[in-house]
Protein chains: 2
Amino acid sequence: MSKLFEELAGLDKLIHEPARLAIMTALSTCQSADFLAVQRLTGLTGGNLSVHLSKLEDAGLITLEKQFVDKRPRTQVQITGQGRRAIEKHWLQLENLRADVQKWKPE
Amino acid sequence: MSKLFEELAGLDKLIHEPARLAIMTALSTCQSADFLAVQRLTGLTGGNLSVHLSKLEDAGLITLEKQFVDKRPRTQVQITGQGRRAIEKHWLQLENLRADVQKWKPE
């Protein structure tokens, strides 16, 4: 099996999706963020962002916690240890894939 | 509209798919390659690789040329100018997205 095939097969497609790649990268820079702050950052609609966050939560990469602040509901988004490792690994994998492929010379 | 949203919306999802990202990156290092060489590099099945190459060809990013070498059919895969610009832009966009998102501080 080619090394590149292993690299491709090892890429987490859940994280690779552009919006989720951005969300996970953003969350990895902070411990926790408000739903509205993530929405402002990404420019996604609330519904779209909710779908992405649910998928990330189901995979154990983030946690969502509903709180009441001044009697208004707020959702706090937090990256998990698994999520932090996953996004760091993903960027490293992309860099390695690029470097390995660029070395290629077709025979 | 947030800057990140524009960056996300501007990412070409056709190229972002991992196997096609690898194929386009590989082709950008050379002008032209044999189908079998690309197959060996990626480790994809012939059928899978054909599907990816057809999509890239339909988008004008590569050309496929069937030739006969020693009376046996061979397919030559070639990146177009548009394809070369697209893959270079894609990696730059990913780098920019990562850098921009990492500067984020949720308020």
# chains A, B, ... in the order shown; residues from 1 in each chain; ligands from 1
call {"tool": "residues_around", "arguments": {"residues": "A:Ala26", "least_positions_apart": "4", "cutoff": "7 Å", "atoms": "only C-alpha atoms", "output": "list in words"}}
result
Ala22 of chain A; Val101, Gln102 and Trp104 of chain B
call {"tool": "interface_residues", "arguments": {"of": "chain A", "to": "chain B", "cutoff": "6 Å", "atoms": "only C-alpha atoms", "output": "number ranges by chain"}}
result
A: 2, 4-5, 26, 29, 37, 42-43, 101-102, 106
call {"tool": "residues_around", "arguments": {"residues": "B:Gly81", "least_positions_apart": "2", "cutoff": "10 Å", "atoms": "only C-alpha atoms", "output": "list in words"}}
result
Ser28, Gln31, Gly60, Leu61, Ile62, Gln78, Ile79, Gly83, Arg84, Arg85 and Ala86 of chain B
call {"tool": "select_by_dssp", "arguments": {"residues": "chain B", "states": "helix (DSSP H, G or I)", "output": "ChimeraX atom specification"}}
result
/B:3-10,13-16,18-28,35-42,46-58,81-102
call {"tool": "select_by_dssp", "arguments": {"residues": "chain A", "states": "strand (DSSP E)", "output": "number ranges by chain"}}
result
A: 32-34, 62-69, 72-79
call {"tool": "atom_distance", "arguments": {"atom1": "atom CA of A:Leu64", "atom2": "atom CA of A:Gln76"}}
result
5.7 Å
